[in-house]
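Shown below: final-v7.cif, with mmCIF, C-alpha atoms and all ligand atoms.
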```
data_protein
loop_
_atom_site.label_atom_id
_atom_site.label_comp_id
_atom_site.auth_asym_id
_atom_site.auth_seq_id
_atom_site.Cartn_x
_atom_site.Cartn_y
_atom_site.Cartn_z
CA MET A 154 -10.38 21.58 13.31
CA ILE A 155 -8.18 18.56 13.98
CA ASP A 156 -5.93 18.74 17.03
CA GLY A 157 -2.36 19.62 16.01
CA THR A 158 -3.38 21.98 13.20
CA LEU A 159 -1.39 25.20 13.18
CA THR A 160 -3.57 28.32 13.57
CA GLY A 161 -3.21 32.04 14.16
CA LYS A 162 0.48 32.33 13.28
CA ARG A 163 2.65 34.31 10.93
CA VAL A 164 4.21 31.61 8.81
CA LEU A 165 6.88 31.39 6.14
CA VAL A 166 7.03 28.48 3.72
CA THR A 167 10.27 28.41 1.75
CA GLY A 168 9.80 26.49 -1.49
CA GLY A 169 6.07 27.18 -1.12
CA ALA A 170 5.55 27.15 -4.90
CA GLY A 171 7.04 23.69 -5.18
CA PHE A 172 5.53 20.26 -4.77
CA ILE A 173 5.48 19.71 -0.99
CA GLY A 174 5.60 23.42 -0.12
CA SER A 175 2.50 24.29 -2.12
CA HIS A 176 0.43 21.52 -0.54
CA LEU A 177 1.59 22.79 2.83
CA THR A 178 0.82 26.41 1.95
CA ARG A 179 -2.71 25.53 0.87
CA SER A 180 -3.26 23.74 4.18
CA LEU A 181 -2.13 26.81 6.14
CA VAL A 182 -3.67 29.84 4.44
CA ASP A 183 -7.16 29.65 5.93
CA GLU A 184 -5.97 29.84 9.53
CA ASN A 185 -2.63 31.64 9.34
CA ASP A 186 -0.90 34.64 7.78
CA VAL A 187 1.31 32.92 5.19
CA ARG A 188 4.29 34.09 3.19
CA VAL A 189 5.98 32.01 0.54
CA LEU A 190 9.61 32.45 -0.47
CA ASP A 191 10.35 30.74 -3.77
CA SER A 192 12.79 31.35 -6.61
CA LEU A 193 10.29 29.80 -9.06
CA THR A 194 13.16 27.83 -10.59
CA THR A 195 11.31 24.55 -10.23
CA GLY A 196 8.24 25.84 -8.40
CA ASP A 197 5.34 27.49 -10.19
CA ARG A 198 3.59 30.77 -9.36
CA SER A 199 0.18 29.23 -10.04
CA ASN A 200 0.78 26.78 -7.16
CA VAL A 201 0.67 29.60 -4.63
CA PRO A 202 -2.84 30.37 -3.39
CA PRO A 203 -3.84 34.06 -3.65
CA ALA A 204 -4.26 34.23 0.13
CA ALA A 205 -0.50 33.76 0.58
CA THR A 206 2.06 36.50 -0.08
CA LEU A 207 4.64 35.37 -2.61
CA ILE A 208 8.16 36.71 -2.25
CA GLU A 209 9.99 35.77 -5.41
CA GLY A 210 13.60 35.22 -4.50
CA ASP A 211 16.39 32.83 -3.75
CA VAL A 212 17.00 31.43 -0.26
CA ARG A 213 20.71 31.99 -0.87
CA GLU A 214 20.23 35.78 -0.97
CA GLU A 215 20.67 36.91 2.63
CA GLU A 216 18.69 40.11 2.20
CA THR A 217 15.69 38.41 0.61
CA LEU A 218 15.76 35.70 3.22
CA SER A 219 15.92 38.17 6.06
CA ARG A 220 12.99 40.13 4.61
CA ALA A 221 10.94 36.96 4.29
CA MET A 222 11.80 35.95 7.87
CA THR A 223 10.86 39.24 9.49
CA ASP A 224 8.56 38.68 12.49
CA VAL A 225 7.59 35.13 11.58
CA ASP A 226 6.48 32.65 14.25
CA VAL A 227 7.05 29.45 12.28
CA VAL A 228 9.16 28.62 9.21
CA PHE A 229 8.65 25.49 7.15
CA HIS A 230 11.87 25.10 5.20
CA GLU A 231 11.02 23.12 2.05
CA ALA A 232 13.21 25.00 -0.44
CA ALA A 233 15.98 22.67 -1.56
CA LEU A 234 17.64 21.04 -4.46
CA VAL A 235 15.77 17.77 -3.99
CA SER A 236 17.45 15.41 -6.38
CA VAL A 237 20.13 12.91 -5.41
CA ASP A 238 21.26 12.76 -9.05
CA GLN A 239 21.53 16.51 -9.36
CA SER A 240 23.64 16.68 -6.19
CA ILE A 241 26.02 14.16 -7.76
CA ASP A 242 26.21 16.25 -10.94
CA ASP A 243 26.89 19.49 -9.06
CA PRO A 244 27.70 19.03 -5.37
CA THR A 245 28.84 22.62 -4.87
CA ALA A 246 25.59 24.14 -6.10
CA SER A 247 23.63 21.63 -4.14
CA HIS A 248 25.58 22.42 -0.96
CA GLU A 249 24.99 26.15 -1.36
CA ILE A 250 21.24 25.68 -1.53
CA ASN A 251 20.78 22.80 0.87
CA VAL A 252 23.33 23.67 3.55
CA ARG A 253 24.55 27.24 3.43
CA ALA A 254 21.14 28.79 2.87
CA THR A 255 19.68 26.65 5.65
CA LEU A 256 22.35 27.89 8.04
CA SER A 257 21.41 31.48 7.19
CA LEU A 258 17.78 30.60 7.76
CA LEU A 259 18.56 29.16 11.20
CA GLU A 260 20.47 32.34 12.05
CA ALA A 261 17.55 34.50 10.95
CA ALA A 262 15.20 32.31 12.98
CA ARG A 263 17.22 33.20 16.08
CA ASP A 264 16.57 36.88 15.44
CA TYR A 265 12.81 36.36 15.49
CA ASP A 266 12.71 33.38 17.85
CA ALA A 267 10.87 31.48 15.15
CA ARG A 268 10.22 27.78 15.21
CA VAL A 269 11.88 25.97 12.32
CA VAL A 270 10.38 22.85 10.81
CA LEU A 271 13.05 21.54 8.49
CA ALA A 272 12.65 19.17 5.55
CA SER A 273 15.29 16.54 6.23
CA SER A 274 15.52 13.24 4.41
CA ALA A 275 15.77 9.48 4.66
CA ALA A 276 18.78 9.89 2.37
CA ILE A 277 20.86 10.63 5.47
CA TYR A 278 20.77 6.96 6.45
CA GLY A 279 22.34 5.75 3.21
CA SER A 280 21.90 2.02 2.64
CA PRO A 281 21.02 0.73 6.10
CA ASP A 282 22.02 -2.71 7.38
CA SER A 283 18.38 -3.50 8.04
CA VAL A 284 14.94 -1.96 7.72
CA PRO A 285 12.81 -0.43 9.16
CA ILE A 286 15.15 2.41 10.05
CA ALA A 287 14.76 4.20 13.38
CA GLU A 288 16.01 7.75 13.88
CA ASP A 289 19.00 6.80 16.01
CA GLU A 290 20.45 4.32 13.51
CA PRO A 291 23.84 5.06 11.91
CA LYS A 292 23.96 7.76 9.26
CA ASP A 293 25.95 6.82 6.19
CA PRO A 294 24.69 9.05 3.38
CA ALA A 295 25.59 7.76 -0.10
CA SER A 296 25.34 11.06 -1.98
CA PRO A 297 26.15 14.76 -1.57
CA TYR A 298 22.40 15.29 -1.14
CA GLY A 299 22.31 12.87 1.80
CA ILE A 300 25.40 14.47 3.34
CA GLU A 301 23.83 17.92 3.01
CA LYS A 302 20.55 16.87 4.60
CA HIS A 303 22.47 15.17 7.38
CA ALA A 304 24.37 18.38 8.05
CA VAL A 305 21.26 20.55 8.31
CA ASP A 306 19.39 17.95 10.32
CA GLN A 307 22.25 18.09 12.85
CA TYR A 308 22.45 21.88 12.72
CA ALA A 309 18.74 22.06 13.54
CA ARG A 310 19.22 19.84 16.55
CA ARG A 311 22.21 21.76 17.85
CA TYR A 312 20.58 25.13 17.28
CA HIS A 313 18.02 23.90 19.78
CA ASP A 314 20.62 22.67 22.29
CA LEU A 315 23.00 25.61 21.94
CA TYR A 316 20.70 28.55 21.33
CA GLY A 317 17.31 27.36 22.56
CA LEU A 318 15.74 27.60 19.11
CA GLU A 319 12.62 25.48 18.61
CA THR A 320 13.55 23.17 15.76
CA VAL A 321 12.08 19.97 14.38
CA ALA A 322 13.62 18.00 11.51
CA LEU A 323 11.28 15.82 9.49
CA ARG A 324 13.10 13.05 7.68
CA TYR A 325 10.93 12.51 4.64
CA PHE A 326 10.98 9.15 2.98
CA ASN A 327 9.79 9.09 -0.65
CA VAL A 328 7.08 11.72 -0.97
CA TYR A 329 4.67 11.58 -3.91
CA GLY A 330 1.30 12.88 -4.97
CA PRO A 331 -0.57 15.30 -7.21
CA GLY A 332 1.57 18.26 -8.21
CA GLN A 333 4.88 16.43 -8.42
CA VAL A 334 5.81 17.21 -11.98
CA ALA A 335 7.99 14.70 -13.84
CA GLY A 336 11.40 15.82 -15.03
CA ASP A 337 14.93 14.50 -15.19
CA TYR A 338 15.36 15.06 -11.49
CA SER A 339 11.94 14.34 -10.05
CA GLY A 340 10.54 11.44 -8.05
CA VAL A 341 10.14 8.01 -9.62
CA ILE A 342 6.34 7.90 -9.28
CA SER A 343 5.88 11.07 -11.30
CA ILE A 344 8.23 9.71 -13.97
CA PHE A 345 6.56 6.29 -14.17
CA VAL A 346 3.04 7.76 -14.30
CA GLU A 347 3.96 10.15 -17.12
CA GLN A 348 5.68 7.34 -19.03
CA ALA A 349 2.67 5.06 -18.55
CA LEU A 350 0.10 7.65 -19.61
CA ALA A 351 2.14 8.50 -22.70
CA GLY A 352 2.44 4.79 -23.59
CA ASP A 353 6.23 5.07 -23.34
CA PRO A 354 8.47 2.39 -21.80
CA ILE A 355 8.61 2.50 -18.00
CA THR A 356 12.29 2.78 -17.12
CA VAL A 357 13.30 0.78 -14.07
CA GLU A 358 16.86 1.60 -13.06
CA GLY A 359 18.85 -1.51 -12.13
CA ASP A 360 17.13 -4.79 -11.29
CA GLY A 361 14.18 -3.01 -9.66
CA GLU A 362 14.67 -4.96 -6.44
CA GLN A 363 15.48 -1.78 -4.51
CA THR A 364 12.70 -0.77 -2.13
CA ARG A 365 11.22 2.54 -1.02
CA ASP A 366 8.71 3.75 1.55
CA PHE A 367 6.36 5.98 -0.45
CA VAL A 368 4.47 8.50 1.66
CA ALA A 369 1.60 10.59 0.31
CA VAL A 370 2.05 14.35 0.37
CA ASP A 371 -1.17 14.78 2.41
CA ASP A 372 0.38 12.76 5.21
CA VAL A 373 3.58 14.81 4.96
CA VAL A 374 1.53 18.01 5.32
CA ARG A 375 -0.09 16.58 8.44
CA ALA A 376 3.33 15.73 9.90
CA ASN A 377 4.38 19.35 9.35
CA HIS A 378 1.39 20.71 11.27
CA LEU A 379 2.14 18.31 14.11
CA ALA A 380 5.80 19.36 14.12
CA ALA A 381 4.80 23.02 14.25
CA THR A 382 2.63 22.51 17.31
CA THR A 383 4.45 19.83 19.32
CA ASP A 384 6.29 20.38 22.60
CA SER A 385 8.78 17.68 21.57
CA VAL A 386 11.24 19.94 19.75
CA GLY A 387 15.00 19.73 19.24
CA THR A 388 14.73 16.37 17.58
CA ALA A 389 14.09 14.61 14.28
CA TYR A 390 11.23 12.39 13.15
CA ASN A 391 10.93 9.91 10.33
CA VAL A 392 8.00 10.65 8.04
CA GLY A 393 7.03 7.57 6.07
CA THR A 394 4.40 4.88 6.18
CA GLY A 395 6.41 2.02 7.67
CA THR A 396 5.79 -0.08 4.55
CA ALA A 397 7.84 -0.42 1.37
CA ILE A 398 7.55 -1.79 -2.15
CA THR A 399 10.13 -2.63 -4.79
CA ILE A 400 10.59 -0.30 -7.75
CA ARG A 401 9.73 -3.17 -10.11
CA GLU A 402 6.45 -3.74 -8.24
CA LEU A 403 5.76 -0.01 -8.34
CA ALA A 404 6.19 -0.05 -12.13
CA GLU A 405 3.77 -2.98 -12.39
CA VAL A 406 1.11 -1.38 -10.17
CA ILE A 407 1.31 1.86 -12.17
CA ARG A 408 1.07 -0.09 -15.41
CA ASP A 409 -2.07 -1.85 -14.11
CA LEU A 410 -3.73 1.24 -12.67
CA THR A 411 -3.20 3.28 -15.82
CA GLY A 412 -4.22 0.42 -18.12
CA THR A 413 -1.31 1.28 -20.41
CA ASP A 414 0.42 -0.94 -22.98
CA SER A 415 3.81 0.41 -21.88
CA GLU A 416 6.48 -2.20 -21.41
CA ILE A 417 8.69 -2.19 -18.36
CA VAL A 418 12.35 -1.90 -19.35
CA HIS A 419 15.48 -2.07 -17.23
CA VAL A 420 18.16 0.57 -17.66
CA ASP A 421 21.49 1.16 -15.88
CA PRO A 422 21.35 1.39 -12.10
CA ARG A 423 21.87 4.83 -10.63
CA ALA A 424 25.17 5.79 -9.00
CA GLY A 425 24.84 6.37 -5.27
CA ASP A 426 21.43 4.70 -5.16
CA VAL A 427 20.13 3.38 -1.85
CA ASP A 428 19.10 -0.31 -1.87
CA HIS A 429 16.46 -0.41 0.80
CA SER A 430 14.56 2.26 2.61
CA ARG A 431 11.65 1.89 5.02
CA ALA A 432 10.80 4.07 7.98
CA ASP A 433 10.26 3.08 11.56
CA ILE A 434 7.67 5.69 12.44
CA SER A 435 7.20 4.86 16.11
CA ARG A 436 8.88 8.04 17.34
CA ALA A 437 6.65 10.27 15.21
CA ASN A 438 3.68 8.21 16.30
CA ASP A 439 4.54 8.36 20.02
CA HIS A 440 5.60 12.03 20.21
CA LEU A 441 3.59 13.70 17.47
CA GLY A 442 0.62 11.38 17.15
CA PHE A 443 1.54 10.94 13.48
CA GLU A 444 -0.21 8.20 11.56
CA PRO A 445 -0.20 7.80 7.79
CA THR A 446 -3.71 7.71 6.36
CA VAL A 447 -3.19 7.11 2.63
CA THR A 448 -2.35 3.64 1.24
CA VAL A 449 0.03 3.47 -1.73
CA ARG A 450 -2.75 2.18 -3.97
CA ASP A 451 -5.14 5.03 -3.04
CA GLY A 452 -2.34 7.55 -3.28
CA LEU A 453 -1.33 6.26 -6.70
CA GLU A 454 -4.91 6.38 -7.94
CA ARG A 455 -5.23 10.02 -6.86
CA THR A 456 -1.88 10.87 -8.41
CA ILE A 457 -2.74 9.19 -11.71
CA GLU A 458 -6.07 11.03 -11.73
CA TRP A 459 -4.24 14.34 -11.34
CA TYR A 460 -1.89 13.53 -14.24
CA ARG A 461 -4.78 12.50 -16.46
CA ASP A 462 -6.64 15.78 -15.78
CA ARG A 463 -3.48 17.73 -16.39
CA THR A 464 -2.70 15.94 -19.64
CA GLU A 465 -6.27 16.51 -20.85
CA ALA A 466 -6.07 20.19 -19.91
CA PHE A 467 -2.96 20.53 -22.08
CA ASN A 468 -4.51 18.75 -25.06
C1 LIG B 501 13.94 10.57 -2.94
C2 LIG B 501 13.80 12.07 -3.06
C3 LIG B 501 14.70 12.76 -2.11
C4 LIG B 501 14.38 12.23 -0.72
C5 LIG B 501 14.58 10.72 -0.68
C6 LIG B 501 14.21 10.15 0.67
C7 LIG B 501 13.05 12.89 -5.23
C8 LIG B 501 13.45 13.39 -6.56
N1 LIG B 501 14.06 12.51 -4.42
O1 LIG B 501 15.22 10.11 -3.40
O2 LIG B 501 14.48 14.14 -2.15
O3 LIG B 501 15.16 12.84 0.22
O4 LIG B 501 13.73 10.14 -1.64
O5 LIG B 501 14.20 8.76 0.66
O6 LIG B 501 11.89 12.83 -4.88
N2 LIG B 501 14.12 5.15 -10.51
C9 LIG B 501 13.85 4.31 -11.58
N3 LIG B 501 13.49 4.91 -12.76
C10 LIG B 501 13.37 6.26 -12.92
C11 LIG B 501 13.62 7.09 -11.80
C12 LIG B 501 14.00 6.50 -10.61
O7 LIG B 501 13.96 3.09 -11.49
O8 LIG B 501 13.02 6.70 -14.03
C13 LIG B 501 14.53 4.51 -9.24
C14 LIG B 501 15.84 5.06 -8.69
O9 LIG B 501 16.97 4.42 -9.22
C15 LIG B 501 15.67 4.75 -7.20
C16 LIG B 501 14.15 4.85 -6.97
O10 LIG B 501 13.55 4.77 -8.25
O11 LIG B 501 16.09 3.46 -6.90
C17 LIG B 501 13.72 6.13 -6.30
O12 LIG B 501 14.30 7.22 -7.00
P1 LIG B 501 13.82 8.72 -6.75
O13 LIG B 501 12.36 8.83 -6.90
O14 LIG B 501 14.68 9.61 -7.55
O15 LIG B 501 14.06 8.91 -5.18
P2 LIG B 501 15.29 8.73 -4.18
O16 LIG B 501 16.59 8.68 -4.89
O17 LIG B 501 14.94 7.60 -3.28
#
```
Would you write out, as structure tokens, the structure that this file holds?
Amino acid sequence: MIDGTLTGKRVLVTGGAGFIGSHLTRSLVDENDVRVLDSLTTGDRSNVPPAATLIEGDVREEETLSRAMTDVDVVFHEAALVSVDQSIDDPTASHEINVRATLSLLEAARDYDARVVLASSAAIYGSPDSVPIAEDEPKDPASPYGIEKHAVDQYARRYHDLYGLETVALRYFNVYGPGQVAGDYSGVISIFVEQALAGDPITVEGDGEQTRDFVAVDDVVRANHLAATTDSVGTAYNVGTGTAITIRELAEVIRDLTGTDSEIVHVDPRAGDVDHSRADISRANDHLGFEPTVTVRDGLERTIEWYRDRTEAFN
């Protein structure tokens, strides 16, 4: 077993039927007693391995949450409304899920003295003056989603300082990989890959010069294990690769790797979009021993493979 792998614990993964949560759950079930709390609104029951106990319910329901939290040692809080766009469409709903439910979760964690590993986001930085972005740089979130993640990131930190709770916030950059299903509100890689495989136009929003740090879900899972076992709690860590590519370049690489005839088209830029995003991962590297292992090209190949298999299975 690799050093830093969580073992022998009672664990709750909220959002464990979703994209990141289900990868995390699968990585935990062999060595831990794992519960999943998921409303199955965007997550899928079939993503939850049989070895985990699925509690079907909403994180906003106090009673369900408290039942799921009973006697846990570690909580990975992945349940969220993950789309910047969706938070702009409905900030109140997004706040309820992303902030209020997280506050209830932190309160419940105090009851059981559970460690909380929270999914925070690079969206809290907004459009930074320069990249790479270190954790202590100014926070200027450009969307309700970013504001919400900033709030819970800060709550996590202060729950450590004020109440002695073991908390770690992981500020995810752009996570991608197998299992991220394309939809109106999902990540750009899943959308581009589906468009490319269907032979549809690949829709770049704006001039495509905006950049992102795409981190493979396997590396994000690894960061979660490290966060669950570190002594360096009460703080936040960037989880990215430290490299970035433009969205236009991403579209071109996906077009090449899929061998599609799709043309790349430009559509309106997105409101509240961040121009440049790239992580400085030195803190995670120094304190957690985190190092990304998957290059964007390898990660994209694996992701495309997964979509191809899935498309074939449906046909
Ligand atoms: C993403 C995550 C968010 C996370 C943040 C951290 C998703 C859905 N959102 O937000 O949870 O906290 O990273 O950095 O994973 N784009 C196109 N064409 C499309 C779709 C998107 O050009 O069809 C562009 C967008 O305008 C944007 C970029 O791709 O510039 C990335 O968009 P998206 O994948 O939605 O992610 P973020 O908004 O960065």
key: Residues within 6 Å of ligand LIG 501 (chain B), counting only C-alpha atoms and all ligand atoms, as an NGL selection string   = :A and (235-237 or 274-276 or 325-327 or 338-341 or 344 or 356-358 or 363 or 400 or 423 or 426)
Please identify every residue of region 255-363 of chain A that has at least one atom no farther than 12 Å from an atom of region 433-438 of chain A, counting all atoms listed in the file, and for each give the shortest atom pair and the distance in Å to one decimal, arranged by chain then increasing number, as a Markdown table.
```
| residue | atom | partner | partner_atom | distance |
| --- | --- | --- | --- | --- |
| A:Ala275 | CA | A:Asp433 | CA | 10.9 |
| A:Ser283 | CA | A:Asp433 | CA | 11.0 |
| A:Val284 | CA | A:Asp433 | CA | 7.9 |
| A:Pro285 | CA | A:Asp433 | CA | 5.0 |
| A:Ile286 | CA | A:Asp433 | CA | 5.2 |
| A:Ala287 | CA | A:Asp433 | CA | 5.0 |
| A:Glu288 | CA | A:Asp433 | CA | 7.8 |
| A:Asp289 | CA | A:Arg436 | CA | 10.3 |
| A:Glu290 | CA | A:Asp433 | CA | 10.4 |
| A:Val321 | CA | A:Ala437 | CA | 11.1 |
| A:Ala322 | CA | A:Ala437 | CA | 11.0 |
| A:Leu323 | CA | A:Ala437 | CA | 9.2 |
| A:Arg324 | CA | A:Ala437 | CA | 10.3 |
| A:Tyr325 | CA | A:Ile434 | CA | 10.9 |
| A:Phe326 | CA | A:Asp433 | CA | 10.5 |
```
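Between CA of Ile277 (chain A) and CA of Pro291 (chain A) lies a distance of 9.0 Å.
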(Q) Can you tell me which residues surround region 266-268 of chain A at a distance of at most 7 Å, considering all atoms listed in the file, apart from same-chain residues fewer than 4 positions away, and format the answer as a ChimeraX atom specification? (A) /A:225-228,262,318-320
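Every protein, DNA or RNA residue with an atom at most 7 Å from Gln333 (chain A), where all atoms listed in the file count and chain neighbours fewer than 2 positions away do not, is listed here: A:Phe172, A:Tyr329, A:Gly330, A:Pro331, A:Ala335, A:Ser343.
The closest residue to Lys302 (chain A), picked from A:Glu347, A:Glu231, A:Glu402, A:Asp183 and counting only C-alpha atoms, is A:Glu231.
Counting all atoms listed in the file and comparing A:Ala369, A:Val269, A:Ala381, A:Leu256, the residue that lies closest to Ile173 (chain A) is A:Ala369.
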